[in-house]
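The structure appears below as structure tokens.
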There are 2 protein chains.
Amino acid sequence: MKNTINEQAITQVTTPEQLLEHYQGHRRLTRKVIEAFPENEFFNYSIGGMRPFAIMVKELLAIAVPGLTEIVSGNTSEFDENRDYGTTKAEFLEKWDQNTEEINKLWKQLNAARFQENIKLFGQYEGSVLSNLQYFMDNEIHHRGQGYVYLRALGVEPPLFYDRS
Amino acid sequence: MKNTINEQAITQVTTPEQLLEHYQGHRRLTRKVIEAFPENEFFNYSIGGMRPFAIMVKELLAIAVPGLTEIVSGNTSEFDENRDYGTTKAEFLEKWDQNTEEINKLWKQLNAARFQENIKLFGQYEGSVLSNLQYFMDNEIHHRGQGYVYLRALGVEPPLFYDRS
């Protein structure tokens, strides 16, 4: 039995803990991107009619903790990306850091067996728990990449993509 | 023994096959973004001194098959993002589709137990096979997100982010 458990540990492609660390590494990088924006441009700068970066961050905040809370509790909630997080970068960063702790707590309540379970997040996004969590990360990387273009267009050097410290 | 195997299947966060499908879904979306660019702008349009999208795609092509080939074979190669893939979108798309098949073939040669193995990709990027493969995907999502801004700035509607068909 011990050998079987060891074999299972070795053949895991990834573990819940590794996936959390991967997510938090990306969230640390997104935090650096928020910090890199000039205060006014964070809320108002846009290219090609796209949303300012602050509005994209509101979307990320609307997904992460509300989504994980729903996955852990099983209680469906409505997706709401229009919550009020304040009017300054400092307020957004404070909320971001609160989320970091909440995500850690929620993730610990997620049993490994649940990642392959099918759900309908926010009452509309069907897929496995894993595919929903991957969407959280992919969507954050996607919008953060857009934030990089905003920063470059503003003449601001963005943080290194591979720096997740 | 049968029960143990079943239990292992259930408690996998993800499987190699699911991770491949996730990657190929992202690659299908990137292909749509390449297609969406006007021919000239694919090679020449840029914002804030960043690289044109064709040059970013050259980076993606330099990572995917060469990286996977190295992971599967164990033979270190040098990272080379200056390979010649032609001068037309059609040539890039043809190369992209060849890569799709090659990635499928290479992935099948990757034993599940190897994802947690530590490697030094291209002789310089240290980390597990998993973390390197995640980087392939994350880096693609990151640059594709930048391509979305280029398209919007050009007045072109980008493909839907969640459409991986």
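By order in the structure tokens, chains are A, B, ...; within a chain, residues start at 1; ligands start at 1, following the order shown.
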
Exercise. What's the 12 Å shell around Arg51 (chain B), counting only C-alpha atoms, without same-chain residues fewer than 2 positions away, as a PyMOL selection string?
Worked result: (chain A and resi 149+152) or (chain B and resi 41-49+53-59+143+146-147+150)

For this session: Using only C-alpha atoms, find the residues of chain B whose closest atom to chain A is at most 8 Å away, then write them as a ChimeraX atom specification.
Result: /B:4,8,10-16,47-50,112-116,130,138,141-146,148-149,152-155

Export of prior selection with N, CA and C atoms as a tab-separated table (two decimals), in the first residue's frame:
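Below you can see selection_17.tsv, which holds the result:
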chain	number	residue	atom	x	y	z
B	4	THR	N	-7.69	0.94	-6.11
B	4	THR	CA	-6.61	1.91	-5.91
B	4	THR	C	-6.37	2.72	-7.18
B	8	GLN	N	-6.88	6.69	-7.78
B	8	GLN	CA	-5.83	7.54	-8.33
B	8	GLN	C	-6.36	8.39	-9.49
B	10	ILE	N	-9.36	9.39	-9.95
B	10	ILE	CA	-10.26	10.43	-9.44
B	10	ILE	C	-9.49	11.59	-8.82
B	11	THR	N	-8.38	11.26	-8.12
B	11	THR	CA	-7.69	12.32	-7.39
B	11	THR	C	-6.63	13.05	-8.21
B	12	GLN	N	-6.52	12.75	-9.51
B	12	GLN	CA	-5.63	13.52	-10.37
B	12	GLN	C	-6.20	14.92	-10.54
B	13	VAL	N	-5.39	15.94	-10.25
B	13	VAL	CA	-5.82	17.32	-10.50
B	13	VAL	C	-5.99	17.52	-12.00
B	14	THR	N	-5.02	17.03	-12.76
B	14	THR	CA	-5.13	17.04	-14.21
B	14	THR	C	-4.34	15.86	-14.77
B	15	THR	N	-4.63	15.48	-15.99
B	15	THR	CA	-3.91	14.38	-16.63
B	15	THR	C	-3.08	14.97	-17.78
B	16	PRO	N	-2.06	14.22	-18.25
B	16	PRO	CA	-1.28	14.71	-19.40
B	16	PRO	C	-2.17	15.02	-20.60
B	47	ILE	N	3.10	48.75	-30.92
B	47	ILE	CA	2.73	49.83	-29.99
B	47	ILE	C	3.84	49.95	-28.96
B	48	GLY	N	4.21	51.18	-28.64
B	48	GLY	CA	5.15	51.44	-27.54
B	48	GLY	C	6.50	50.78	-27.70
B	49	GLY	N	6.93	50.59	-28.94
B	49	GLY	CA	8.26	50.00	-29.18
B	49	GLY	C	8.31	48.50	-29.00
B	50	MET	N	7.14	47.89	-28.82
B	50	MET	CA	7.10	46.43	-28.67
B	50	MET	C	7.29	45.73	-30.02
B	112	ALA	N	3.69	10.28	-17.75
B	112	ALA	CA	3.09	11.11	-16.69
B	112	ALA	C	4.06	11.36	-15.54
B	113	ALA	N	4.92	10.39	-15.26
B	113	ALA	CA	5.85	10.51	-14.14
B	113	ALA	C	6.89	11.61	-14.37
B	114	ARG	N	7.05	12.05	-15.61
B	114	ARG	CA	8.10	13.02	-15.91
B	114	ARG	C	7.73	14.47	-15.59
B	115	PHE	N	6.44	14.75	-15.40
B	115	PHE	CA	6.02	16.15	-15.20
B	115	PHE	C	6.65	16.79	-13.96
B	116	GLN	N	6.97	15.96	-12.96
B	116	GLN	CA	7.57	16.50	-11.73
B	116	GLN	C	9.10	16.45	-11.75
B	130	LEU	N	6.69	20.18	-15.70
B	130	LEU	CA	5.39	20.86	-15.60
B	130	LEU	C	5.54	22.37	-15.67
B	138	ASP	N	1.55	29.94	-20.60
B	138	ASP	CA	1.39	31.28	-20.01
B	138	ASP	C	2.00	32.34	-20.89
B	141	ILE	N	-0.28	32.93	-23.85
B	141	ILE	CA	-1.47	33.71	-23.46
B	141	ILE	C	-1.09	35.19	-23.29
B	142	HIS	N	0.05	35.41	-22.64
B	142	HIS	CA	0.57	36.77	-22.38
B	142	HIS	C	0.76	37.54	-23.70
B	143	HIS	N	1.49	36.95	-24.64
B	143	HIS	CA	1.75	37.66	-25.89
B	143	HIS	C	0.51	37.76	-26.76
B	144	ARG	N	-0.33	36.74	-26.70
B	144	ARG	CA	-1.58	36.80	-27.48
B	144	ARG	C	-2.46	37.93	-26.97
B	145	GLY	N	-2.48	38.12	-25.64
B	145	GLY	CA	-3.23	39.23	-25.05
B	145	GLY	C	-2.73	40.56	-25.61
B	146	GLN	N	-1.41	40.64	-25.83
B	146	GLN	CA	-0.84	41.86	-26.42
B	146	GLN	C	-1.30	41.99	-27.87
B	148	TYR	N	-4.12	41.07	-28.95
B	148	TYR	CA	-5.50	41.58	-28.89
B	148	TYR	C	-5.52	43.11	-28.88
B	149	VAL	N	-4.58	43.72	-28.15
B	149	VAL	CA	-4.54	45.19	-28.10
B	149	VAL	C	-4.16	45.75	-29.47
B	152	ARG	N	-7.27	45.56	-31.62
B	152	ARG	CA	-8.24	46.60	-31.23
B	152	ARG	C	-7.78	47.97	-31.72
B	153	ALA	N	-6.47	48.24	-31.56
B	153	ALA	CA	-5.94	49.54	-31.99
B	153	ALA	C	-6.06	49.68	-33.52
B	154	LEU	N	-6.04	48.55	-34.22
B	154	LEU	CA	-6.17	48.55	-35.68
B	154	LEU	C	-7.63	48.54	-36.13
B	155	GLY	N	-8.54	48.52	-35.15
B	155	GLY	CA	-9.97	48.49	-35.48
B	155	GLY	C	-10.47	47.12	-35.89

Exercise. Using only C-alpha atoms, which residues sit within 7 Å of Lys89 (chain B) once same-chain residues fewer than 3 positions away are excluded, as a PyMOL selection string?
Worked result: chain B and resi 39+92-93

Please write the residues from the selection above to a file, keeping N, CA and C atoms, as a PDB file, in the first residue's frame.
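Written out: part_20.pdb:
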ATOM      1  N   GLU B  39      -2.422  41.386 -43.265  1.00  0.00           N
ATOM      2  CA  GLU B  39      -1.127  40.828 -43.673  1.00  0.00           C
ATOM      3  C   GLU B  39       0.068  41.721 -43.280  1.00  0.00           C
ATOM      4  N   PHE B  92       3.328  31.247 -41.980  1.00  0.00           N
ATOM      5  CA  PHE B  92       3.306  31.098 -40.521  1.00  0.00           C
ATOM      6  C   PHE B  92       2.204  30.132 -40.081  1.00  0.00           C
ATOM      7  N   LEU B  93       1.041  30.243 -40.717  1.00  0.00           N
ATOM      8  CA  LEU B  93      -0.083  29.372 -40.343  1.00  0.00           C
ATOM      9  C   LEU B  93       0.214  27.911 -40.699  1.00  0.00           C
TER      10      LEU B  93
END

Problem set entry | d(CA of Ser77 (chain B), CA of Glu101 (chain B)) in Å | 20.8 Å

Exercise. Skipping near chain neighbours, those fewer than 4 positions away, what residues fall within 12 Å of Ala64 (chain A) using only C-alpha atoms, listed as a ChimeraX atom specification?
Worked result: /A:20,23-24,27,57-60,68-71,79-81,95-96,98-104,106-107,121-122,132-140

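For the pair CA of Ala90 (chain B) and CA of Lys108 (chain B), the separation is 27.8 Å.
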
Problem set entry | Shell of 12 Å around Glu94 (chain B), only C-alpha atoms, local chain residues under 6 positions omitted, as a PyMOL selection string | chain B and resi 31+34-35+61+85-88+100-101

Just list the residues in chain A DSSP gives strand (DSSP E or B) on the backbone, as a PDB file with C-alpha atoms, in the first residue's frame.
ATOM      1  CA  ASN A 118     -18.185  19.220 -13.218  1.00  0.00           C
ATOM      2  CA  ILE A 119     -19.778  22.465 -12.064  1.00  0.00           C
ATOM      3  CA  LYS A 120     -21.634  25.460 -13.499  1.00  0.00           C
ATOM      4  CA  LEU A 121     -19.831  28.459 -12.076  1.00  0.00           C
ATOM      5  CA  TYR A 125     -19.805  28.569 -16.882  1.00  0.00           C
ATOM      6  CA  GLU A 126     -19.918  24.803 -17.289  1.00  0.00           C
ATOM      7  CA  GLY A 127     -16.810  22.693 -16.939  1.00  0.00           C
ATOM      8  CA  SER A 128     -14.647  20.926 -14.416  1.00  0.00           C
TER       9      SER A 128
END

Problem set entry | Between CA of Ser73 (chain B) and CA of Glu91 (chain B), distance in Å (one decimal) | 27.4 Å

From a backbone DSSP assignment, name each residue in region 8-89 of chain A labelled helix (DSSP H, G or I), as an mmCIF file with N, CA and C atoms, in the first residue's frame.
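New file out_12.cif:
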data_model
loop_
_atom_site.group_PDB
_atom_site.id
_atom_site.type_symbol
_atom_site.label_atom_id
_atom_site.label_comp_id
_atom_site.auth_asym_id
_atom_site.auth_seq_id
_atom_site.Cartn_x
_atom_site.Cartn_y
_atom_site.Cartn_z
ATOM 1 N N GLN A 8 1.598 6.983 -6.708
ATOM 2 C CA GLN A 8 0.589 7.989 -7.032
ATOM 3 C C GLN A 8 1.173 9.395 -6.910
ATOM 4 N N ALA A 9 1.970 9.619 -5.859
ATOM 5 C CA ALA A 9 2.574 10.932 -5.661
ATOM 6 C C ALA A 9 3.492 11.279 -6.825
ATOM 7 N N ILE A 10 4.230 10.288 -7.305
ATOM 8 C CA ILE A 10 5.175 10.521 -8.391
ATOM 9 C C ILE A 10 4.448 10.819 -9.702
ATOM 10 N N PRO A 16 -2.686 20.094 -5.943
ATOM 11 C CA PRO A 16 -3.426 21.321 -5.615
ATOM 12 C C PRO A 16 -2.501 22.417 -5.082
ATOM 13 N N GLU A 17 -1.512 22.037 -4.290
ATOM 14 C CA GLU A 17 -0.593 23.020 -3.696
ATOM 15 C C GLU A 17 0.242 23.704 -4.785
ATOM 16 N N GLN A 18 0.700 22.904 -5.753
ATOM 17 C CA GLN A 18 1.491 23.477 -6.849
ATOM 18 C C GLN A 18 0.654 24.416 -7.704
ATOM 19 N N LEU A 19 -0.601 24.041 -7.918
ATOM 20 C CA LEU A 19 -1.472 24.881 -8.745
ATOM 21 C C LEU A 19 -1.778 26.202 -8.025
ATOM 22 N N LEU A 20 -1.952 26.126 -6.708
ATOM 23 C CA LEU A 20 -2.158 27.350 -5.919
ATOM 24 C C LEU A 20 -0.931 28.257 -6.007
ATOM 25 N N GLU A 21 0.252 27.666 -5.853
ATOM 26 C CA GLU A 21 1.482 28.465 -5.909
ATOM 27 C C GLU A 21 1.655 29.094 -7.298
ATOM 28 N N HIS A 22 1.273 28.335 -8.326
ATOM 29 C CA HIS A 22 1.336 28.856 -9.693
ATOM 30 C C HIS A 22 0.407 30.076 -9.830
ATOM 31 N N TYR A 23 -0.798 29.929 -9.296
ATOM 32 C CA TYR A 23 -1.787 31.015 -9.337
ATOM 33 C C TYR A 23 -1.284 32.234 -8.558
ATOM 34 N N GLN A 24 -0.804 31.990 -7.353
ATOM 35 C CA GLN A 24 -0.347 33.119 -6.526
ATOM 36 C C GLN A 24 0.887 33.786 -7.132
ATOM 37 N N GLY A 25 1.725 33.002 -7.820
ATOM 38 C CA GLY A 25 2.869 33.596 -8.518
ATOM 39 C C GLY A 25 2.395 34.573 -9.587
ATOM 40 N N HIS A 26 1.370 34.154 -10.325
ATOM 41 C CA HIS A 26 0.793 35.053 -11.334
ATOM 42 C C HIS A 26 0.148 36.264 -10.667
ATOM 43 N N ARG A 27 -0.507 36.046 -9.542
ATOM 44 C CA ARG A 27 -1.149 37.172 -8.847
ATOM 45 C C ARG A 27 -0.120 38.167 -8.307
ATOM 46 N N ARG A 28 1.050 37.641 -7.890
ATOM 47 C CA ARG A 28 2.116 38.555 -7.445
ATOM 48 C C ARG A 28 2.595 39.420 -8.618
ATOM 49 N N LEU A 29 2.677 38.816 -9.789
ATOM 50 C CA LEU A 29 3.111 39.582 -10.967
ATOM 51 C C LEU A 29 2.045 40.626 -11.346
ATOM 52 N N THR A 30 0.792 40.248 -11.288
ATOM 53 C CA THR A 30 -0.281 41.203 -11.602
ATOM 54 C C THR A 30 -0.244 42.376 -10.622
ATOM 55 N N ARG A 31 0.063 42.065 -9.361
ATOM 56 C CA ARG A 31 0.181 43.128 -8.361
ATOM 57 C C ARG A 31 1.261 44.140 -8.760
ATOM 58 N N LYS A 32 2.388 43.624 -9.251
ATOM 59 C CA LYS A 32 3.480 44.501 -9.695
ATOM 60 C C LYS A 32 3.030 45.382 -10.874
ATOM 61 N N VAL A 33 2.191 44.808 -11.747
ATOM 62 C CA VAL A 33 1.701 45.571 -12.903
ATOM 63 C C VAL A 33 0.778 46.694 -12.421
ATOM 64 N N ILE A 34 -0.095 46.394 -11.466
ATOM 65 C CA ILE A 34 -0.955 47.444 -10.886
ATOM 66 C C ILE A 34 -0.073 48.559 -10.312
ATOM 67 N N GLU A 35 0.936 48.150 -9.554
ATOM 68 C CA GLU A 35 1.848 49.136 -8.933
ATOM 69 C C GLU A 35 2.557 49.992 -9.974
ATOM 70 N N ALA A 36 2.879 49.386 -11.124
ATOM 71 C CA ALA A 36 3.666 50.093 -12.153
ATOM 72 C C ALA A 36 2.875 51.207 -12.839
ATOM 73 N N GLU A 39 -1.029 56.594 -11.262
ATOM 74 C CA GLU A 39 -2.338 56.593 -10.587
ATOM 75 C C GLU A 39 -3.507 56.893 -11.548
ATOM 76 N N ASN A 40 -3.412 57.987 -12.267
ATOM 77 C CA ASN A 40 -4.522 58.394 -13.141
ATOM 78 C C ASN A 40 -4.734 57.407 -14.301
ATOM 79 N N GLU A 41 -3.628 56.961 -14.901
ATOM 80 C CA GLU A 41 -3.713 56.074 -16.056
ATOM 81 C C GLU A 41 -4.251 54.695 -15.677
ATOM 82 N N PHE A 42 -4.039 54.280 -14.458
ATOM 83 C CA PHE A 42 -4.590 52.999 -14.005
ATOM 84 C C PHE A 42 -6.109 52.995 -14.190
ATOM 85 N N PHE A 43 -6.724 54.136 -13.909
ATOM 86 C CA PHE A 43 -8.190 54.218 -13.975
ATOM 87 C C PHE A 43 -8.728 54.710 -15.323
ATOM 88 N N ASN A 44 -7.877 55.415 -16.089
ATOM 89 C CA ASN A 44 -8.414 56.094 -17.271
ATOM 90 C C ASN A 44 -7.761 55.755 -18.603
ATOM 91 N N PHE A 53 -7.075 49.554 -17.249
ATOM 92 C CA PHE A 53 -6.595 48.383 -16.510
ATOM 93 C C PHE A 53 -7.353 48.186 -15.191
ATOM 94 N N ALA A 54 -7.751 49.278 -14.536
ATOM 95 C CA ALA A 54 -8.504 49.151 -13.274
ATOM 96 C C ALA A 54 -9.792 48.352 -13.475
ATOM 97 N N ILE A 55 -10.432 48.534 -14.609
ATOM 98 C CA ILE A 55 -11.693 47.826 -14.864
ATOM 99 C C ILE A 55 -11.422 46.332 -15.116
ATOM 100 N N MET A 56 -10.294 46.058 -15.783
ATOM 101 C CA MET A 56 -9.912 44.652 -15.954
ATOM 102 C C MET A 56 -9.611 44.014 -14.588
ATOM 103 N N VAL A 57 -8.957 44.770 -13.713
ATOM 104 C CA VAL A 57 -8.638 44.246 -12.377
ATOM 105 C C VAL A 57 -9.922 44.002 -11.585
ATOM 106 N N LYS A 58 -10.920 44.859 -11.775
ATOM 107 C CA LYS A 58 -12.222 44.623 -11.126
ATOM 108 C C LYS A 58 -12.800 43.278 -11.577
ATOM 109 N N GLU A 59 -12.614 42.960 -12.854
ATOM 110 C CA GLU A 59 -13.072 41.657 -13.359
ATOM 111 C C GLU A 59 -12.317 40.525 -12.657
ATOM 112 N N LEU A 60 -10.996 40.682 -12.531
ATOM 113 C CA LEU A 60 -10.200 39.629 -11.877
ATOM 114 C C LEU A 60 -10.633 39.430 -10.424
ATOM 115 N N LEU A 61 -10.906 40.554 -9.738
ATOM 116 C CA LEU A 61 -11.359 40.474 -8.345
ATOM 117 C C LEU A 61 -12.752 39.852 -8.255
ATOM 118 N N ALA A 62 -13.554 40.074 -9.275
ATOM 119 C CA ALA A 62 -14.918 39.519 -9.289
ATOM 120 C C ALA A 62 -14.926 38.014 -9.520
ATOM 121 N N ILE A 63 -13.827 37.520 -10.114
ATOM 122 C CA ILE A 63 -13.738 36.094 -10.425
ATOM 123 C C ILE A 63 -13.117 35.303 -9.275
ATOM 124 N N ALA A 64 -11.971 35.763 -8.777
ATOM 125 C CA ALA A 64 -11.126 34.946 -7.892
ATOM 126 C C ALA A 64 -11.825 34.480 -6.603
ATOM 127 N N VAL A 65 -12.056 35.389 -5.678
ATOM 128 C CA VAL A 65 -12.632 34.979 -4.391
ATOM 129 C C VAL A 65 -14.099 34.574 -4.519
ATOM 130 N N PRO A 66 -14.926 35.355 -5.234
ATOM 131 C CA PRO A 66 -16.317 34.893 -5.406
ATOM 132 C C PRO A 66 -16.400 33.515 -6.086
ATOM 133 N N GLY A 67 -15.554 33.292 -7.105
ATOM 134 C CA GLY A 67 -15.569 32.008 -7.807
ATOM 135 C C GLY A 67 -15.132 30.859 -6.907
ATOM 136 N N LEU A 68 -14.035 31.061 -6.191
ATOM 137 C CA LEU A 68 -13.545 30.013 -5.293
ATOM 138 C C LEU A 68 -14.515 29.747 -4.147
ATOM 139 N N THR A 69 -15.131 30.820 -3.656
ATOM 140 C CA THR A 69 -16.121 30.668 -2.582
ATOM 141 C C THR A 69 -17.269 29.781 -3.061
ATOM 142 N N GLU A 70 -17.711 30.026 -4.291
ATOM 143 C CA GLU A 70 -18.794 29.211 -4.851
ATOM 144 C C GLU A 70 -18.352 27.762 -5.050
ATOM 145 N N ILE A 71 -17.122 27.566 -5.553
ATOM 146 C CA ILE A 71 -16.625 26.201 -5.769
ATOM 147 C C ILE A 71 -16.555 25.441 -4.446
ATOM 148 N N VAL A 72 -16.056 26.104 -3.407
ATOM 149 C CA VAL A 72 -15.887 25.448 -2.103
ATOM 150 C C VAL A 72 -17.228 25.200 -1.426
ATOM 151 N N SER A 73 -18.111 26.209 -1.470
ATOM 152 C CA SER A 73 -19.379 26.099 -0.741
ATOM 153 C C SER A 73 -20.457 25.361 -1.518
ATOM 154 N N LYS A 89 -5.270 53.462 -6.382
ATOM 155 C CA LYS A 89 -4.485 52.243 -6.559
ATOM 156 C C LYS A 89 -4.259 51.562 -5.214
#
